[in-house]
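What follows is upload19.cif (mmCIF, C-alpha atoms).
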data_work
loop_
_atom_site.label_atom_id
_atom_site.label_comp_id
_atom_site.auth_asym_id
_atom_site.auth_seq_id
_atom_site.Cartn_x
_atom_site.Cartn_y
_atom_site.Cartn_z
CA MET A 26 38.14 4.34 -70.13
CA LYS A 27 39.60 2.12 -67.41
CA VAL A 28 41.16 5.11 -65.68
CA ALA A 29 37.96 7.17 -65.85
CA GLY A 30 35.96 4.26 -64.46
CA ALA A 31 38.43 3.72 -61.63
CA ILE A 32 38.03 7.38 -60.64
CA CYS A 33 34.26 6.83 -60.38
CA ALA A 34 34.87 3.83 -58.16
CA SER A 35 37.19 5.86 -55.95
CA VAL A 36 34.34 8.32 -55.36
CA PHE A 37 32.26 5.57 -53.74
CA THR A 38 35.15 4.57 -51.50
CA ALA A 39 35.64 8.18 -50.43
CA VAL A 40 32.01 9.10 -49.85
CA ARG A 41 30.69 5.92 -48.21
CA PRO A 42 31.80 6.78 -44.61
CA HIS A 43 30.01 10.14 -44.84
CA ILE A 44 26.58 8.76 -45.73
CA ARG A 45 24.97 9.09 -42.33
CA PRO A 46 22.05 10.94 -40.74
CA GLY A 47 22.52 14.70 -40.46
CA VAL A 48 24.83 15.09 -43.47
CA SER A 49 23.63 17.27 -46.36
CA THR A 50 23.81 16.17 -49.98
CA ALA A 51 25.85 19.32 -50.66
CA GLU A 52 28.50 18.03 -48.25
CA LEU A 53 28.62 14.73 -50.12
CA ASP A 54 28.90 16.58 -53.42
CA LYS A 55 31.91 18.52 -52.12
CA ILE A 56 33.68 15.27 -51.22
CA ILE A 57 32.87 13.88 -54.67
CA THR A 58 34.16 17.01 -56.42
CA ASP A 59 37.43 16.97 -54.48
CA THR A 60 37.94 13.24 -55.10
CA ILE A 61 37.52 13.58 -58.85
CA ARG A 62 39.62 16.72 -59.24
CA SER A 63 42.42 15.38 -57.05
CA GLN A 64 43.02 12.75 -59.74
CA GLY A 65 43.27 15.25 -62.59
CA ALA A 66 39.76 14.56 -63.85
CA ASN A 67 36.62 16.63 -64.30
CA PRO A 68 33.18 16.00 -62.76
CA ALA A 69 31.29 15.75 -66.04
CA CYS A 70 27.84 16.18 -64.49
CA LEU A 71 28.67 19.71 -63.34
CA ASN A 72 26.98 22.26 -65.64
CA TYR A 73 25.81 19.48 -67.96
CA GLY A 74 22.57 19.94 -69.89
CA ASP A 75 19.85 22.58 -69.95
CA PRO A 76 19.22 23.84 -67.35
CA PRO A 77 22.87 23.28 -66.32
CA PHE A 78 23.13 20.65 -63.60
CA PRO A 79 24.59 22.37 -60.50
CA GLY A 80 26.38 19.43 -58.88
CA ALA A 81 29.32 17.12 -59.47
CA ALA A 82 27.06 14.11 -58.89
CA CYS A 83 23.40 13.23 -58.94
CA ILE A 84 22.35 12.37 -55.38
CA SER A 85 18.88 10.85 -55.20
CA ILE A 86 17.04 9.78 -52.06
CA ASN A 87 14.27 7.20 -51.59
CA GLU A 88 11.58 7.85 -54.25
CA GLU A 89 14.03 9.92 -56.32
CA VAL A 90 15.14 7.59 -59.10
CA VAL A 91 17.89 9.73 -60.67
CA HIS A 92 19.21 13.28 -61.11
CA GLY A 93 18.69 14.49 -57.55
CA ILE A 94 20.30 17.92 -57.14
CA PRO A 95 22.77 18.27 -54.23
CA SER A 96 21.67 20.88 -51.68
CA LYS A 97 22.74 22.17 -48.28
CA ASP A 98 19.06 21.94 -47.31
CA ARG A 99 18.66 18.26 -48.20
CA ILE A 100 19.69 16.42 -45.05
CA LEU A 101 20.05 12.65 -44.88
CA GLU A 102 17.82 10.88 -42.39
CA ASP A 103 18.03 7.52 -40.69
CA GLY A 104 16.50 4.85 -42.92
CA ASP A 105 17.11 6.62 -46.24
CA ILE A 106 18.51 4.93 -49.30
CA VAL A 107 20.84 7.27 -51.17
CA THR A 108 21.86 6.86 -54.80
CA ILE A 109 25.04 8.53 -56.01
CA ASP A 110 25.52 8.67 -59.77
CA VAL A 111 28.84 10.09 -60.92
CA VAL A 112 30.60 10.68 -64.23
CA ALA A 113 34.33 11.40 -64.41
CA GLU A 114 36.04 12.74 -67.54
CA LYS A 115 39.76 12.02 -67.80
CA ASP A 116 41.85 12.78 -70.88
CA SER A 117 38.66 13.20 -72.96
CA TYR A 118 37.18 9.82 -71.96
CA HIS A 119 34.29 9.21 -69.57
CA GLY A 120 33.52 6.77 -66.79
CA ASP A 121 29.99 6.45 -65.40
CA ALA A 122 28.80 4.58 -62.33
CA ALA A 123 26.08 4.63 -59.67
CA ARG A 124 25.44 2.93 -56.34
CA THR A 125 22.58 3.04 -53.86
CA PHE A 126 23.81 3.30 -50.25
CA PHE A 127 22.13 2.77 -46.87
CA CYS A 128 21.89 5.66 -44.42
CA GLY A 129 21.60 4.36 -40.87
CA GLU A 130 19.12 1.58 -40.18
CA VAL A 131 17.32 0.76 -43.43
CA CYS A 132 14.34 -1.61 -43.43
CA ASP A 133 14.79 -5.11 -44.82
CA GLU A 134 12.35 -4.53 -47.67
CA TRP A 135 14.39 -1.62 -49.02
CA ARG A 136 17.67 -3.47 -48.50
CA GLU A 137 16.33 -6.31 -50.61
CA LEU A 138 15.41 -3.86 -53.37
CA VAL A 139 18.98 -2.55 -53.43
CA ARG A 140 20.41 -6.06 -53.44
CA VAL A 141 18.27 -7.21 -56.35
CA THR A 142 19.01 -4.05 -58.33
CA ARG A 143 22.72 -4.82 -58.10
CA GLU A 144 22.02 -8.38 -59.19
CA CYS A 145 20.09 -7.03 -62.18
CA PHE A 146 23.24 -5.30 -63.38
CA TRP A 147 25.28 -8.48 -63.15
CA LYS A 148 22.58 -10.58 -64.81
CA GLY A 149 22.53 -8.10 -67.66
CA VAL A 150 26.25 -7.54 -68.10
CA ALA A 151 26.85 -11.30 -68.16
CA MET A 152 25.06 -11.21 -71.53
CA ALA A 153 27.53 -8.64 -72.91
CA GLN A 154 29.35 -11.19 -75.03
CA VAL A 155 30.64 -10.81 -78.57
CA GLY A 156 27.94 -12.08 -80.94
CA LYS A 157 25.00 -11.60 -78.60
CA ARG A 158 22.51 -8.78 -79.08
CA LEU A 159 21.70 -5.67 -77.10
CA GLY A 160 18.27 -7.05 -76.22
CA ASP A 161 19.88 -10.02 -74.46
CA ILE A 162 21.27 -7.60 -71.87
CA SER A 163 17.98 -5.73 -71.51
CA HIS A 164 15.90 -8.88 -71.19
CA ALA A 165 18.14 -10.32 -68.47
CA VAL A 166 17.72 -7.17 -66.36
CA GLN A 167 13.94 -7.12 -66.77
CA GLU A 168 13.50 -10.81 -66.11
CA HIS A 169 15.42 -10.70 -62.84
CA ALA A 170 13.72 -7.56 -61.52
CA GLU A 171 10.18 -8.57 -62.44
CA GLY A 172 10.85 -12.06 -61.12
CA HIS A 173 11.16 -10.42 -57.70
CA GLY A 174 7.98 -8.38 -58.20
CA TYR A 175 9.73 -5.04 -58.84
CA GLY A 176 9.10 -2.33 -61.40
CA VAL A 177 11.59 -1.62 -64.19
CA VAL A 178 11.74 2.05 -65.17
CA ARG A 179 10.97 2.44 -68.89
CA ASP A 180 11.55 6.16 -69.44
CA LEU A 181 15.28 6.10 -68.62
CA SER A 182 18.06 3.91 -69.91
CA GLY A 183 21.73 3.14 -70.07
CA HIS A 184 23.79 4.20 -73.06
CA GLY A 185 26.96 4.04 -75.04
CA ILE A 186 29.88 5.94 -73.55
CA GLY A 187 33.34 7.11 -74.60
CA ARG A 188 34.49 10.58 -75.61
CA ASP A 189 30.95 11.74 -74.83
CA MET A 190 29.02 10.98 -71.65
CA HIS A 191 26.04 9.73 -73.63
CA GLU A 192 26.53 7.99 -76.96
CA ASP A 193 24.57 5.53 -79.08
CA PRO A 194 23.16 3.01 -78.54
CA ASP A 195 20.55 3.37 -75.82
CA LEU A 196 20.71 0.38 -73.48
CA LEU A 197 17.26 -0.30 -72.09
CA ASN A 198 16.55 -2.19 -68.87
CA PHE A 199 13.70 -4.09 -70.53
CA GLY A 200 13.33 -5.80 -73.87
CA ARG A 201 13.31 -9.00 -75.88
CA ALA A 202 16.22 -11.39 -76.09
CA GLY A 203 17.70 -11.81 -79.54
CA ARG A 204 16.77 -8.29 -80.66
CA GLY A 205 18.86 -5.17 -81.22
CA ILE A 206 22.35 -4.61 -82.55
CA ARG A 207 24.87 -7.42 -82.46
CA LEU A 208 27.62 -6.84 -79.87
CA GLU A 209 31.18 -6.42 -81.10
CA ALA A 210 34.49 -6.25 -79.25
CA GLY A 211 35.39 -2.69 -78.29
CA LEU A 212 31.84 -1.44 -77.79
CA CYS A 213 31.69 0.57 -74.55
CA LEU A 214 28.41 0.83 -72.67
CA ALA A 215 26.92 1.97 -69.38
CA LEU A 216 24.30 -0.41 -68.01
CA GLU A 217 22.20 1.08 -65.22
CA PRO A 218 19.19 -0.80 -63.87
CA MET A 219 16.71 1.59 -62.19
CA ILE A 220 14.33 -0.58 -60.21
CA THR A 221 11.34 0.39 -58.07
CA LEU A 222 9.53 -1.23 -55.19
CA GLY A 223 6.23 -0.24 -56.79
CA ASP A 224 5.07 0.85 -60.22
CA TYR A 225 7.59 1.71 -62.95
CA HIS A 226 6.07 5.05 -63.97
CA VAL A 227 8.12 8.18 -63.20
CA GLU A 228 7.72 11.95 -63.38
CA MET A 229 10.00 14.99 -63.31
CA LEU A 230 9.96 17.57 -60.53
CA SER A 231 9.73 21.31 -61.18
CA ASP A 232 13.52 21.73 -60.85
CA GLY A 233 13.84 20.30 -64.36
CA TRP A 234 16.11 17.45 -63.29
CA THR A 235 14.92 15.23 -60.44
CA ILE A 236 13.02 12.13 -61.58
CA VAL A 237 10.79 10.46 -58.96
CA THR A 238 8.53 7.44 -58.93
CA ALA A 239 4.96 8.46 -59.73
CA ASP A 240 3.58 6.38 -56.85
CA GLY A 241 6.17 7.54 -54.29
CA SER A 242 7.74 4.11 -53.91
CA PRO A 243 11.50 3.86 -53.29
CA ALA A 244 13.89 3.20 -56.17
CA ALA A 245 17.41 1.78 -56.39
CA HIS A 246 20.07 2.24 -59.05
CA TYR A 247 23.28 0.38 -59.89
CA GLU A 248 25.57 1.25 -62.80
CA ASN A 249 28.99 0.58 -64.24
CA SER A 250 30.56 1.48 -67.55
CA PHE A 251 32.22 -1.46 -69.31
CA ALA A 252 33.60 -2.73 -72.61
CA VAL A 253 32.58 -5.75 -74.62
CA THR A 254 35.72 -7.80 -75.28
CA ASP A 255 36.58 -11.19 -76.80
CA ASP A 256 37.15 -12.40 -73.23
CA GLY A 257 33.79 -11.16 -71.93
CA PRO A 258 32.75 -7.84 -70.38
CA LEU A 259 35.50 -5.68 -68.87
CA ILE A 260 34.05 -3.62 -66.00
CA PHE A 261 35.58 -0.16 -65.55
CA ALA A 262 34.17 1.03 -62.22
CA LEU A 263 34.72 -1.56 -59.51
CA GLU A 264 36.04 -0.59 -56.10
CA PRO A 265 39.10 -2.37 -54.66
CA GLY A 266 38.03 -5.82 -53.57
CA GLU A 267 34.83 -5.72 -55.63
CA THR A 268 34.78 -8.50 -58.21
CA ALA A 269 32.44 -9.67 -60.94
CA PRO A 270 30.34 -12.70 -59.89
CA PHE A 271 31.20 -14.70 -63.01
#

Let me see the file written as structure tokens.
Amino acid sequence: MKVAGAICASVFTAVRPHIRPGVSTAELDKIITDTIRSQGANPACLNYGDPPFPGAACISINEEVVHGIPSKDRILEDGDIVTIDVVAEKDSYHGDAARTFFCGEVCDEWRELVRVTRECFWKGVAMAQVGKRLGDISHAVQEHAEGHGYGVVRDLSGHGIGRDMHEDPDLLNFGRAGRGIRLEAGLCLALEPMITLGDYHVEMLSDGWTIVTADGSPAAHYENSFAVTDDGPLIFALEPGETAPF
């Protein structure tokens, strides 16, 4: 799990310099594919689901919350926020991570949304302690996001992860503290706050994959897979130099 997560983190390091105006999302997807395969891993998103997802990563722009399909016709523009969500499968185990990047000069309001979304992850994962409950994580995410006036997407969630990309339990980004299963050492999860500048309602586009905000407001996304351990949460998908703020 640590190796698979590290491969996800390496994708962000590789793709970050290429997120600039004029680049297509298909070009980014090619870099992501090559980065994963060069490490003896598989891009688990590719051909996943029904209809089969056609990319190695979900690349979602602005009002697209998740599952944006890479395309040679989708060109990044100055001021976009770009979410890359990637899953790497290595030796039958999965890592899962997402980041929202800035393309060119992004307005302060959208930058703040991205910053708070990242904070939501860390507020939530700090609750991933042996003996606490799943709802403690969910409540911490919701409280921080709504405390800044943002919407918390209800129709999508994090999840368990391991030999399968998606396993039980679902890990919501909203909920009540003290509720849900009790956390035990060895439980592996993917926590992924999906936070909007406006309302939390979402809808699916006709491509069968892309989820957008219903009101057209921008959304940000931050995710890492991690394990609950006796020494606290062990994060699997941090880039070199990136550390947990606790």

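Among the candidate residues A:Leu259, A:Met219, A:Val253, A:Ile61, the one lying nearest to Lys115 in chain A is A:Ile61, with distances computed using all atoms listed in the file.
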
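Ranking A:Leu101, A:Ile56, A:Ala215, A:Ile109 by their shortest atom-to-atom distance to Ser250 in chain A, with only C-alpha atoms included, puts A:Ala215 first.
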
Any chance you could tabulate, as JSON lines, the residues of range 200-257 of chain A at most 8 Å from range 157-160 of chain A with each one's nearest atom pair and distance in Å to one decimal, using all atoms listed in the file, in chain and rising number order?
{"residue": "A:Gly200", "atom": "CA", "partner": "A:Gly160", "partner_atom": "CA", "distance": 5.6}
{"residue": "A:Arg201", "atom": "CA", "partner": "A:Gly160", "partner_atom": "CA", "distance": 5.3}
{"residue": "A:Ala202", "atom": "CA", "partner": "A:Gly160", "partner_atom": "CA", "distance": 4.8}
{"residue": "A:Gly203", "atom": "CA", "partner": "A:Arg158", "partner_atom": "CA", "distance": 5.7}
{"residue": "A:Arg204", "atom": "CA", "partner": "A:Gly160", "partner_atom": "CA", "distance": 4.8}
{"residue": "A:Gly205", "atom": "CA", "partner": "A:Leu159", "partner_atom": "CA", "distance": 5.0}
{"residue": "A:Ile206", "atom": "CA", "partner": "A:Arg158", "partner_atom": "CA", "distance": 5.4}
{"residue": "A:Arg207", "atom": "CA", "partner": "A:Arg158", "partner_atom": "CA", "distance": 4.3}
{"residue": "A:Leu208", "atom": "CA", "partner": "A:Arg158", "partner_atom": "CA", "distance": 5.5}

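You will find CA of Leu263 in chain A at 16.3 Å from CA of Ile57 in chain A.
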
Atomic separation - CA of Ala34 in chain A relative to CA of Ala262 in chain A, Å
5.0 Å

Evaluate the PyMOL selection byres ((chain A and resi 269) around 12) here and jot the selected residues down as a PDB file with C-alpha atoms, keeping the file's coordinate frame.
ATOM      1  CA  ARG A 143      22.720  -4.820 -58.100  1.00  0.00           C
ATOM      2  CA  GLU A 144      22.020  -8.380 -59.190  1.00  0.00           C
ATOM      3  CA  PHE A 146      23.240  -5.300 -63.380  1.00  0.00           C
ATOM      4  CA  TRP A 147      25.280  -8.480 -63.150  1.00  0.00           C
ATOM      5  CA  LYS A 148      22.580 -10.580 -64.810  1.00  0.00           C
ATOM      6  CA  VAL A 150      26.250  -7.540 -68.100  1.00  0.00           C
ATOM      7  CA  ALA A 151      26.850 -11.300 -68.160  1.00  0.00           C
ATOM      8  CA  ASN A 249      28.990   0.580 -64.240  1.00  0.00           C
ATOM      9  CA  PHE A 251      32.220  -1.460 -69.310  1.00  0.00           C
ATOM     10  CA  GLY A 257      33.790 -11.160 -71.930  1.00  0.00           C
ATOM     11  CA  PRO A 258      32.750  -7.840 -70.380  1.00  0.00           C
ATOM     12  CA  LEU A 259      35.500  -5.680 -68.870  1.00  0.00           C
ATOM     13  CA  ILE A 260      34.050  -3.620 -66.000  1.00  0.00           C
ATOM     14  CA  PHE A 261      35.580  -0.160 -65.550  1.00  0.00           C
ATOM     15  CA  ALA A 262      34.170   1.030 -62.220  1.00  0.00           C
ATOM     16  CA  LEU A 263      34.720  -1.560 -59.510  1.00  0.00           C
ATOM     17  CA  GLU A 264      36.040  -0.590 -56.100  1.00  0.00           C
ATOM     18  CA  PRO A 265      39.100  -2.370 -54.660  1.00  0.00           C
ATOM     19  CA  GLY A 266      38.030  -5.820 -53.570  1.00  0.00           C
ATOM     20  CA  GLU A 267      34.830  -5.720 -55.630  1.00  0.00           C
ATOM     21  CA  THR A 268      34.780  -8.500 -58.210  1.00  0.00           C
ATOM     22  CA  PRO A 270      30.340 -12.700 -59.890  1.00  0.00           C
ATOM     23  CA  PHE A 271      31.200 -14.700 -63.010  1.00  0.00           C
TER      24      PHE A 271
END

Given the file shown, enumerate the residues that the PyMOL selection byres ((chain A and resi 53) around 12) captures and present them as a ChimeraX atom specification.
/A:36-37,39-45,47-52,54-60,80-85,94-97,99-101,107-111

Quick one: apply the PyMOL selection byres ((chain A and resi 233) around 12) to the file and drop the selected residues here as a VMD selection string.
chain A and resid 74 to 79 91 to 94 228 to 232 234 to 237

Surrounding residues of Gly185 in chain A excluding itself and chain neighbours under 4 positions, 10 Å, all atoms listed in the file, as number ranges by chain:
A: 189-196, 212-216, 250-252

One decimal, in Å: what's the spacing between CA of Val141 in chain A and CA of Tyr175 in chain A?
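Between CA of Val141 in chain A and CA of Tyr175 in chain A the gap is 9.2 Å.
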
Give me, as number ranges by chain, all polymer residues having an atom no more than 10 Å from range 64-67 of chain A, counting only C-alpha atoms and skipping those fewer than 6 positions away in the same chain.
A: 28-29, 32, 35, 58, 81, 112-119

Assuming 8 Å of padding per side, give the centre and edge lengths of the axis-aligned box around every listed atom of range 168-176 of chain A, in Å to one decimal and as AutoDock Vina command-line options.
--center_x 11.7 --center_y -7.2 --center_z -61.9 --size_x 23.4 --size_y 25.7 --size_z 24.4

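Among the candidates A:Leu71, A:Val139, A:Ala153, A:Val90, the residue lying nearest to Ala165 in chain A is A:Ala153 (atoms considered: all atoms listed in the file).
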
If you count only C-alpha atoms, the residue of A:Gly211, A:Ser242, A:Glu89, A:Ser182 closest to Asp224 in chain A turns out to be A:Ser242

Each range 159-252 of chain A residue no farther than 7 Å from range 125-133 of chain A, nearest pair in Å, all atoms listed in the file, as a tab-separated table:
residue	atom	partner	partner_atom	distance
A:Ala245	CA	A:Thr125	CA	5.9
A:His246	CA	A:Thr125	CA	5.8
A:Tyr247	CA	A:Thr125	CA	6.6

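Proximity to Ala244 in chain A was assessed for A:Glu137, A:Asp121, A:Glu209, A:Asp98 counting only C-alpha atoms; the smallest distance is recorded for A:Glu137.
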
Which is closer to Tyr225 in chain A than all the others in A:Thr38, A:Ser63, A:Gln167, A:Thr254, using only C-alpha atoms?
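Closest residue, counting only C-alpha atoms: A:Gln167.
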
Would you mind putting N, CA, C and O atoms back on range 215-231 of chain A and writing the result as a CSV table (one decimal), in the coordinates of the input?
chain,number,residue,atom,x,y,z
A,215,ALA,N,27.3,1.8,-70.8
A,215,ALA,CA,26.9,2.0,-69.4
A,215,ALA,C,25.6,1.3,-69.2
A,215,ALA,O,24.6,1.8,-69.7
A,216,LEU,N,25.5,0.3,-68.4
A,216,LEU,CA,24.3,-0.4,-68.0
A,216,LEU,C,23.9,0.1,-66.6
A,216,LEU,O,24.7,0.0,-65.7
A,217,GLU,N,22.6,0.5,-66.5
A,217,GLU,CA,22.2,1.1,-65.2
A,217,GLU,C,20.7,0.7,-64.9
A,217,GLU,O,19.8,1.5,-65.1
A,218,PRO,N,20.5,-0.5,-64.3
A,218,PRO,CA,19.2,-0.8,-63.9
A,218,PRO,C,18.7,0.2,-62.9
A,218,PRO,O,19.4,0.6,-61.9
A,219,MET,N,17.4,0.7,-63.1
A,219,MET,CA,16.7,1.6,-62.2
A,219,MET,C,15.4,0.9,-61.8
A,219,MET,O,14.5,0.8,-62.7
A,220,ILE,N,15.4,0.4,-60.6
A,220,ILE,CA,14.3,-0.6,-60.2
A,220,ILE,C,13.5,0.0,-59.1
A,220,ILE,O,14.1,0.6,-58.1
A,221,THR,N,12.2,-0.2,-59.1
A,221,THR,CA,11.3,0.4,-58.1
A,221,THR,C,10.6,-0.7,-57.3
A,221,THR,O,10.4,-1.8,-57.8
A,222,LEU,N,10.3,-0.3,-56.0
A,222,LEU,CA,9.5,-1.2,-55.2
A,222,LEU,C,8.1,-1.3,-55.6
A,222,LEU,O,7.4,-2.3,-55.3
A,223,GLY,N,7.6,-0.3,-56.4
A,223,GLY,CA,6.2,-0.2,-56.8
A,223,GLY,C,6.1,-0.2,-58.3
A,223,GLY,O,6.8,-1.0,-59.0
A,224,ASP,N,5.3,0.7,-58.8
A,224,ASP,CA,5.1,0.8,-60.2
A,224,ASP,C,6.3,1.5,-60.9
A,224,ASP,O,7.1,2.2,-60.3
A,225,TYR,N,6.4,1.2,-62.2
A,225,TYR,CA,7.6,1.7,-63.0
A,225,TYR,C,7.4,3.1,-63.5
A,225,TYR,O,8.4,3.7,-64.0
A,226,HIS,N,6.3,3.7,-63.4
A,226,HIS,CA,6.1,5.0,-64.0
A,226,HIS,C,6.8,6.1,-63.1
A,226,HIS,O,6.9,6.0,-61.9
A,227,VAL,N,7.4,7.1,-63.9
A,227,VAL,CA,8.1,8.2,-63.2
A,227,VAL,C,7.6,9.5,-63.7
A,227,VAL,O,6.9,9.6,-64.7
A,228,GLU,N,8.0,10.6,-63.0
A,228,GLU,CA,7.7,12.0,-63.4
A,228,GLU,C,8.9,12.9,-63.0
A,228,GLU,O,9.6,12.5,-62.1
A,229,MET,N,9.0,14.0,-63.6
A,229,MET,CA,10.0,15.0,-63.3
A,229,MET,C,9.5,16.1,-62.4
A,229,MET,O,8.4,16.6,-62.6
A,230,LEU,N,10.3,16.5,-61.4
A,230,LEU,CA,10.0,17.6,-60.5
A,230,LEU,C,10.2,18.9,-61.2
A,230,LEU,O,10.8,19.0,-62.3
A,231,SER,N,9.7,20.0,-60.6
A,231,SER,CA,9.7,21.3,-61.2
A,231,SER,C,11.1,21.9,-61.3
A,231,SER,O,11.3,22.9,-62.0
